[in-house]
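target.cif follows; it contains mmCIF, C-alpha atoms.
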```cif
data_work
#
loop_
_atom_site.label_atom_id
_atom_site.label_comp_id
_atom_site.auth_asym_id
_atom_site.auth_seq_id
_atom_site.Cartn_x
_atom_site.Cartn_y
_atom_site.Cartn_z
CA MET R 1 0.00 0.00 0.00
CA LEU R 2 2.90 2.39 0.77
CA THR R 3 4.16 2.06 -2.81
CA ASP R 4 0.76 2.85 -4.32
CA PRO R 5 0.61 6.50 -5.50
CA MET R 6 -3.18 6.54 -4.92
CA PHE R 7 -2.57 5.87 -1.23
CA TRP R 8 -0.42 9.00 -0.93
CA TYR R 9 -2.82 11.09 -3.04
CA GLY R 10 -5.67 10.01 -0.78
CA LEU R 11 -3.62 10.74 2.34
CA ALA R 12 -2.73 14.22 1.05
CA LEU R 13 -6.42 14.90 0.36
CA LYS R 14 -7.35 13.82 3.90
CA VAL R 15 -4.67 16.06 5.43
CA ALA R 16 -5.56 19.12 3.32
CA MET R 17 -9.31 18.78 3.85
CA THR R 18 -9.11 18.16 7.60
CA ALA R 19 -6.58 20.92 8.24
CA GLY R 20 -8.59 23.37 6.14
CA ILE R 21 -11.84 22.72 7.98
CA VAL R 22 -10.25 22.97 11.43
CA VAL R 23 -8.24 26.11 10.68
CA ALA R 24 -11.30 27.89 9.25
CA ALA R 25 -13.34 27.08 12.36
CA SER R 26 -10.47 28.10 14.63
CA LEU R 27 -10.19 31.56 13.11
CA ILE R 28 -13.86 32.20 13.93
CA VAL R 29 -14.06 30.66 17.41
CA GLU R 30 -11.13 32.43 19.01
CA ARG R 31 -12.34 35.80 17.75
CA SER R 32 -15.84 35.40 19.21
CA GLY R 33 -17.41 35.51 22.65
CA PRO R 34 -18.33 32.31 24.53
CA PHE R 35 -21.82 32.02 23.08
CA ILE R 36 -20.89 32.56 19.41
CA GLY R 37 -17.79 30.47 19.96
CA SER R 38 -19.94 27.63 21.26
CA LEU R 39 -22.15 27.79 18.15
CA ILE R 40 -19.09 27.30 15.95
CA ALA R 41 -17.49 24.71 18.25
CA SER R 42 -20.66 22.60 18.10
CA LEU R 43 -20.49 22.23 14.32
CA PRO R 44 -18.97 19.06 12.83
CA THR R 45 -15.41 20.24 12.05
CA ALA R 46 -13.01 17.36 12.73
CA GLY R 47 -15.89 14.90 12.94
CA GLY R 48 -17.31 16.22 9.70
CA ALA R 49 -13.98 15.71 7.96
CA ALA R 50 -13.87 12.14 9.28
CA MET R 51 -17.40 11.44 8.06
CA ILE R 52 -16.60 12.76 4.59
CA ILE R 53 -13.60 10.45 4.37
CA LEU R 54 -15.62 7.50 5.69
CA ALA R 55 -18.23 8.15 3.00
CA MET R 56 -15.51 7.92 0.35
CA GLU R 57 -14.40 4.52 1.64
CA HIS R 58 -17.57 2.79 2.86
CA SER R 59 -21.11 1.98 1.82
CA PRO R 60 -24.21 4.03 2.71
CA ALA R 61 -25.25 1.23 5.09
CA PHE R 62 -21.94 1.58 6.96
CA ILE R 63 -22.42 5.35 7.25
CA ALA R 64 -26.02 4.99 8.44
CA HIS R 65 -25.03 2.49 11.12
CA SER R 66 -22.02 4.56 12.20
CA THR R 67 -24.35 7.34 13.34
CA ILE R 68 -25.43 5.12 16.25
CA GLY R 69 -21.85 5.36 17.49
CA SER R 70 -21.78 9.09 16.77
CA LEU R 71 -24.86 9.59 18.94
CA ILE R 72 -23.12 7.70 21.74
CA ALA R 73 -20.09 9.97 21.32
CA ASN R 74 -22.41 12.99 21.32
CA ALA R 75 -23.86 11.97 24.68
CA ALA R 76 -20.33 11.45 26.02
CA CYS R 77 -19.44 14.96 24.78
CA ALA R 78 -22.03 16.37 27.17
CA ALA R 79 -20.10 14.78 30.05
CA PHE R 80 -16.83 16.01 28.51
CA ALA R 81 -17.93 19.64 28.15
CA LEU R 82 -19.65 19.80 31.54
CA SER R 83 -16.76 18.19 33.41
CA TYR R 84 -14.26 20.52 31.73
CA ALA R 85 -16.41 23.54 32.61
CA ALA R 86 -16.49 22.46 36.26
CA LEU R 87 -12.80 21.56 36.51
CA ALA R 88 -11.53 24.65 34.67
CA GLN R 89 -12.90 27.03 37.29
CA ARG R 90 -9.92 26.49 39.60
CA ASN R 91 -7.63 23.92 38.02
CA SER R 92 -4.83 23.92 35.47
CA LEU R 93 -5.33 23.07 31.84
CA VAL R 94 -3.73 19.65 32.27
CA VAL R 95 -6.03 18.70 35.14
CA SER R 96 -9.16 20.19 33.54
CA LEU R 97 -8.74 18.81 30.03
CA GLY R 98 -7.17 15.55 31.18
CA GLY R 99 -10.02 14.90 33.59
CA ALA R 100 -12.65 15.72 30.96
CA LEU R 101 -11.03 13.40 28.39
CA ALA R 102 -10.83 10.62 30.97
CA ILE R 103 -14.56 11.01 31.63
CA TRP R 104 -15.31 10.91 27.88
CA LEU R 105 -13.27 7.75 27.42
CA GLY R 106 -14.84 6.15 30.49
CA ALA R 107 -18.34 6.96 29.26
CA VAL R 108 -17.59 5.53 25.82
CA PHE R 109 -16.04 2.39 27.29
CA LEU R 110 -19.12 1.75 29.42
CA ALA R 111 -21.40 2.46 26.47
CA ARG R 112 -19.60 -0.15 24.38
CA LEU R 113 -20.81 -2.82 26.81
CA TYR R 114 -24.37 -2.33 25.56
CA ASP R 115 -25.78 -3.21 22.13
CA TRP R 116 -27.22 0.13 21.02
CA THR R 117 -29.89 0.82 18.43
CA ILE R 118 -30.78 4.17 16.91
CA VAL R 119 -33.77 4.44 19.26
CA SER R 120 -31.78 3.73 22.42
CA ALA R 121 -28.99 6.06 21.30
CA ILE R 122 -31.51 8.88 20.80
CA ALA R 123 -33.01 8.11 24.22
CA LEU R 124 -29.52 8.31 25.76
CA ASN R 125 -29.02 11.82 24.39
CA ALA R 126 -32.51 12.86 25.52
CA ALA R 127 -31.69 11.67 29.04
CA VAL R 128 -28.21 13.23 29.23
CA TYR R 129 -28.55 16.72 27.80
CA PRO R 130 -31.32 18.35 29.91
CA PRO R 131 -29.56 17.81 33.27
CA ALA R 132 -26.16 18.67 31.72
CA ILE R 133 -27.50 21.99 30.40
CA TRP R 134 -29.10 22.78 33.76
CA LEU R 135 -25.88 22.00 35.65
CA GLY R 136 -23.77 23.97 33.18
CA ARG R 137 -25.72 27.22 33.54
CA ARG R 138 -23.66 28.27 36.58
CA PHE R 139 -20.45 28.26 34.52
CA ARG R 140 -21.64 30.64 31.78
CA VAL R 141 -20.22 34.15 31.49
CA ASP R 142 -21.29 36.76 28.93
CA SER R 143 -17.91 38.39 28.37
CA GLY R 144 -15.33 36.73 26.18
CA GLY R 145 -12.57 38.29 28.24
CA GLY R 146 -10.83 39.66 25.15
CA LYS R 147 -10.00 38.54 21.64
CA VAL R 148 -7.47 35.84 20.93
CA VAL R 149 -5.01 36.32 18.10
CA LEU R 150 -3.94 32.98 16.69
CA SER R 151 -0.35 32.48 15.61
CA GLY R 152 0.77 30.30 12.75
CA ALA R 153 2.06 27.80 15.30
CA ASP R 154 -1.39 27.60 16.94
CA LEU R 155 -3.02 26.76 13.63
CA ALA R 156 -0.28 24.30 12.69
CA TRP R 157 -0.34 22.18 15.85
CA ARG R 158 -4.12 22.15 15.97
CA ALA R 159 -4.45 21.10 12.36
CA ALA R 160 -1.75 18.46 12.88
CA VAL R 161 -3.35 16.92 15.98
CA VAL R 162 -6.83 16.83 14.49
CA THR R 163 -5.55 15.44 11.20
CA VAL R 164 -3.72 12.60 12.97
CA VAL R 165 -6.89 11.65 14.85
CA VAL R 166 -9.08 11.81 11.73
CA ILE R 167 -6.69 9.77 9.62
CA SER R 168 -6.25 7.21 12.42
CA VAL R 169 -10.00 6.74 12.79
CA THR R 170 -10.73 6.52 9.08
CA THR R 171 -7.84 4.11 8.50
CA ALA R 172 -8.91 1.89 11.40
CA SER R 173 -12.56 1.96 10.31
CA HIS R 174 -12.04 -1.08 8.09
CA SER R 175 -11.22 -3.19 11.14
CA ILE R 176 -13.10 -1.62 14.07
CA GLY R 177 -16.54 -1.52 12.41
CA SER R 178 -19.17 1.12 11.84
CA VAL R 179 -20.31 1.89 15.40
CA ALA R 180 -16.77 2.27 16.78
CA SER R 181 -15.85 4.40 13.75
CA GLY R 182 -18.83 6.64 14.44
CA ILE R 183 -17.79 6.97 18.07
CA PHE R 184 -14.16 7.88 17.52
CA ALA R 185 -14.88 10.09 14.52
CA PHE R 186 -16.34 12.46 17.12
CA PHE R 187 -13.62 12.14 19.72
CA PRO R 188 -13.57 15.72 21.12
CA VAL R 189 -10.14 16.63 19.77
CA ALA R 190 -11.28 19.80 17.97
CA MET R 191 -13.28 21.03 20.96
CA GLY R 192 -10.38 20.13 23.23
CA SER R 193 -8.01 22.18 21.10
CA PHE R 194 -10.36 25.16 21.41
CA PHE R 195 -10.20 24.77 25.18
CA ILE R 196 -6.39 24.64 25.11
CA ILE R 197 -6.11 27.97 23.29
CA LEU R 198 -8.75 29.74 25.37
CA HIS R 199 -7.55 28.33 28.71
CA THR R 200 -3.94 29.37 28.13
CA ARG R 201 -4.79 32.82 26.72
CA LEU R 202 -7.91 33.94 28.59
CA GLY R 203 -8.04 31.67 31.62
CA GLY R 204 -10.06 28.67 32.76
CA PRO R 205 -13.40 30.37 33.51
CA VAL R 206 -13.67 31.90 30.02
CA ALA R 207 -12.78 28.60 28.36
CA ALA R 208 -15.19 26.86 30.70
CA SER R 209 -17.95 29.21 29.58
CA VAL R 210 -17.61 27.93 26.00
CA GLY R 211 -17.88 24.39 27.39
CA ALA R 212 -21.01 25.33 29.30
CA TYR R 213 -22.63 27.17 26.38
CA VAL R 214 -21.86 24.41 23.85
CA LEU R 215 -24.17 21.94 25.59
CA THR R 216 -27.26 23.45 23.97
CA PRO R 217 -25.92 23.93 20.41
CA ILE R 218 -24.47 20.41 20.28
CA ILE R 219 -28.00 19.00 20.46
CA GLY R 220 -28.27 20.08 16.82
CA LEU R 221 -25.32 17.84 15.99
CA GLY R 222 -27.19 14.89 17.46
CA LEU R 223 -30.23 15.75 15.37
CA GLY R 224 -27.96 15.79 12.35
CA PHE R 225 -26.82 12.24 13.11
CA VAL R 226 -30.44 11.10 13.15
CA VAL R 227 -30.98 12.71 9.75
CA VAL R 228 -27.97 10.89 8.28
CA HIS R 229 -29.15 7.60 9.77
CA LEU R 230 -32.56 7.97 8.16
CA MET R 231 -31.47 9.35 4.80
CA ALA R 232 -28.08 7.82 3.96
CA GLU R 233 -29.39 4.62 2.36
CA PRO R 234 -32.67 5.68 0.71
CA VAL R 235 -31.52 9.12 -0.50
CA GLY R 236 -27.72 8.92 -0.60
CA VAL R 237 -24.91 9.75 1.79
CA TRP R 238 -24.01 13.15 0.36
CA TRP R 239 -27.60 14.39 0.37
CA SER R 240 -27.96 13.14 3.93
CA TYR R 241 -24.83 15.07 4.91
CA LEU R 242 -26.19 18.26 3.37
CA ALA R 243 -29.50 17.81 5.15
CA ALA R 244 -27.74 17.11 8.45
CA LEU R 245 -25.56 20.22 8.08
CA ALA R 246 -28.71 22.26 7.36
CA VAL R 247 -30.26 20.91 10.57
CA CYS R 248 -27.17 21.83 12.60
CA LEU R 249 -27.03 25.34 11.13
CA GLY R 250 -30.77 25.79 11.53
CA TRP R 251 -30.64 24.74 15.18
CA ASN R 252 -27.82 27.17 15.92
CA ALA R 253 -29.58 29.96 14.03
CA MET R 254 -32.69 29.36 16.15
CA LEU R 255 -30.60 29.61 19.34
CA TRP R 256 -28.97 32.83 18.12
CA ILE R 257 -32.33 34.41 17.26
CA ALA R 258 -33.84 33.34 20.60
CA ARG R 259 -30.89 34.83 22.49
CA ASN R 260 -31.11 38.14 20.62
CA ARG R 261 -34.84 38.37 21.23
CA ALA R 262 -34.36 37.65 24.93
CA ARG R 263 -31.72 40.38 25.14
CA ALA R 264 -33.95 42.85 23.28
CA THR R 265 -36.85 42.10 25.61
CA SER R 266 -34.62 42.51 28.66
CA ALA R 267 -33.24 45.81 27.38
CA ALA R 268 -36.76 47.12 26.69
CA ARG R 269 -37.66 46.58 30.31
#
```
Could you render the structure as structure tokens?
Amino acid sequence: MLTDPMFWYGLALKVAMTAGIVVAASLIVERSGPFIGSLIASLPTAGGAAMIILAMEHSPAFIAHSTIGSLIANAACAAFALSYAALAQRNSLVVSLGGALAIWLGAVFLARLYDWTIVSAIALNAAVYPPAIWLGRRFRVDSGGGKVVLSGADLAWRAAVVTVVVISVTTASHSIGSVASGIFAFFPVAMGSFFIILHTRLGGPVAASVGAYVLTPIIGLGLGFVVVHLMAEPVGVWWSYLAALAVCLGWNAMLWIARNRARATSAAR
């Protein structure tokens, strides 16, 4: 395989696409406040790149079934974001992010002991997100604490880390199966890299606020997984991806409009 030029062309495409998606999202997130940053962080950046590559290499049935794993990962991301938000109030980046990643991995490991269906995976998300959002409200702050200027090194290491994870998952997908591929495609490496930049530049509480705010927008990502599951085989994978992205963007737009209206109403009083 290493002597096959198509292997290297495919690898270069994966690297360029993944790095491009992550860098574009990074430039927006670090220049926004916690709420807007959370809307961007909730979109499928690294995970979206992984799903695109999986679609190039697997059947629509594989993609549809992988979304069960992605929903499991999405539920685990609620625990990841909430635990980071709690830990980052008074702890170092290593303790906060390391503890959150350990919780994500532990949640995924326990979830793998159960034979999930699309219905049970949806029910898991429905059970996890309401209490997580309620608990995370105490960690939200309105001020972004300043704007972050990204250096070339910031973009380079982030793109490199995310690209390694995406390529590892998509390469291993042929042996680990659809559900596991769906889970690890949405390993929170992109969100974690956002936390690293914000925590080191603006402090734990500001970074934690993005983690607390993201719990509501990321519900739209879960809805997108359901759309792909339902549409990938009968309509086609690429159409299902477009529909899922529209759902994610629509959900975030609804949250943005609701927030602006609430602020306008409060100001009028």
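Of the residues under consideration (R:Tyr129, R:Leu93, R:Ala81, R:Pro234), R:Leu93 shows the shortest atom-to-atom contact distance to Thr200 (chain R) when counting all atoms listed in the file.
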Original post:
Any idea what's packed within 10 Å of Ala232 (chain R), counting only C-alpha atoms, ignoring anything in its chain fewer than 2 positions away? Could you give it as a ChimeraX atom specification?
Top reply: /R:55,59-65,227-230,234-241
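For the choices R:Met191, R:Ala207, R:Ala180, R:Ala264, the atom-to-atom distance to Asp115 (chain R) is smallest for R:Ala180 when using all atoms listed in the file.
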Find the spatial neighbours of Ser173 (chain R), counting all atoms listed in the file, within a cut-off of 12 Å - ignore same-chain residues fewer than 3 positions away - and output them as a PDB file with C-alpha atoms, keeping the file's coordinate frame.
```pdb
ATOM      1  CA  ALA R  50     -13.870  12.140   9.280  1.00  0.00           C
ATOM      2  CA  MET R  51     -17.400  11.440   8.060  1.00  0.00           C
ATOM      3  CA  ILE R  53     -13.600  10.450   4.370  1.00  0.00           C
ATOM      4  CA  LEU R  54     -15.620   7.500   5.690  1.00  0.00           C
ATOM      5  CA  ALA R  55     -18.230   8.150   3.000  1.00  0.00           C
ATOM      6  CA  MET R  56     -15.510   7.920   0.350  1.00  0.00           C
ATOM      7  CA  GLU R  57     -14.400   4.520   1.640  1.00  0.00           C
ATOM      8  CA  HIS R  58     -17.570   2.790   2.860  1.00  0.00           C
ATOM      9  CA  PHE R  62     -21.940   1.580   6.960  1.00  0.00           C
ATOM     10  CA  ILE R  63     -22.420   5.350   7.250  1.00  0.00           C
ATOM     11  CA  SER R  66     -22.020   4.560  12.200  1.00  0.00           C
ATOM     12  CA  VAL R 166      -9.080  11.810  11.730  1.00  0.00           C
ATOM     13  CA  ILE R 167      -6.690   9.770   9.620  1.00  0.00           C
ATOM     14  CA  SER R 168      -6.250   7.210  12.420  1.00  0.00           C
ATOM     15  CA  VAL R 169     -10.000   6.740  12.790  1.00  0.00           C
ATOM     16  CA  THR R 170     -10.730   6.520   9.080  1.00  0.00           C
ATOM     17  CA  ILE R 176     -13.100  -1.620  14.070  1.00  0.00           C
ATOM     18  CA  GLY R 177     -16.540  -1.520  12.410  1.00  0.00           C
ATOM     19  CA  SER R 178     -19.170   1.120  11.840  1.00  0.00           C
ATOM     20  CA  VAL R 179     -20.310   1.890  15.400  1.00  0.00           C
ATOM     21  CA  ALA R 180     -16.770   2.270  16.780  1.00  0.00           C
ATOM     22  CA  SER R 181     -15.850   4.400  13.750  1.00  0.00           C
ATOM     23  CA  GLY R 182     -18.830   6.640  14.440  1.00  0.00           C
ATOM     24  CA  ILE R 183     -17.790   6.970  18.070  1.00  0.00           C
ATOM     25  CA  PHE R 184     -14.160   7.880  17.520  1.00  0.00           C
ATOM     26  CA  ALA R 185     -14.880  10.090  14.520  1.00  0.00           C
TER      27      ALA R 185
END
```
Original post:
In Å, how far is it from CA of Arg259 (chain R) to CA of Ile36 (chain R)?
Top reply: 10.7 Å
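Distances here use all atoms listed in the file; by that measure, the residue among R:Val226, R:Phe109, R:Ile196, R:Ala46 closest to Ala123 (chain R) is R:Val226.
Distance-wise, CA of Arg137 (chain R) and CA of Thr45 (chain R) end up 24.8 Å apart.
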Subject >> Nearest-residue call for Tyr213 (chain R), choices R:Ala172, R:Ile122, R:Ala76, R:Ala132, using only C-alpha atoms >> reply: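 Of R:Ala172, R:Ile122, R:Ala76, R:Ala132, the one nearest Tyr213 (chain R), counting only C-alpha atoms, is R:Ala132.
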Subject >> Top pick for closest residue to Leu242 (chain R), considering R:Ile52, R:Leu113, R:Leu105, R:Leu135 and counting only C-alpha atoms >> reply: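 The shortest atom-to-atom distance to Leu242 (chain R) comes from R:Ile52.
Across the chains present, the PyMOL selection byres ((chain R and resi 38) around 8) applied to this file returns R:Val29, R:Pro34, R:Phe35, R:Ile36, R:Gly37, R:Leu39, R:Ile40, R:Ala41, R:Ser42, R:Val210, R:Gly211, R:Tyr213, R:Val214, R:Pro217.
Taking CA of Phe186 (chain R) and CA of Ile218 (chain R) as the two end points, the separation is 11.8 Å.
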Original post:
With only C-alpha atoms as the basis for distance, which of R:Ala244, R:Ala73, R:Ala208, R:Ala121 is at the shortest distance from Asn91 (chain R)?
Top reply: R:Ala208
**OP:** Determine the residue membership of the PyMOL selection byres ((chain R and resi 128) around 12) for the file above and supply it as a VMD selection string.
**Re:** chain R and resid 71 to 80 82 107 121 to 127 129 to 135 215 to 216 219 222
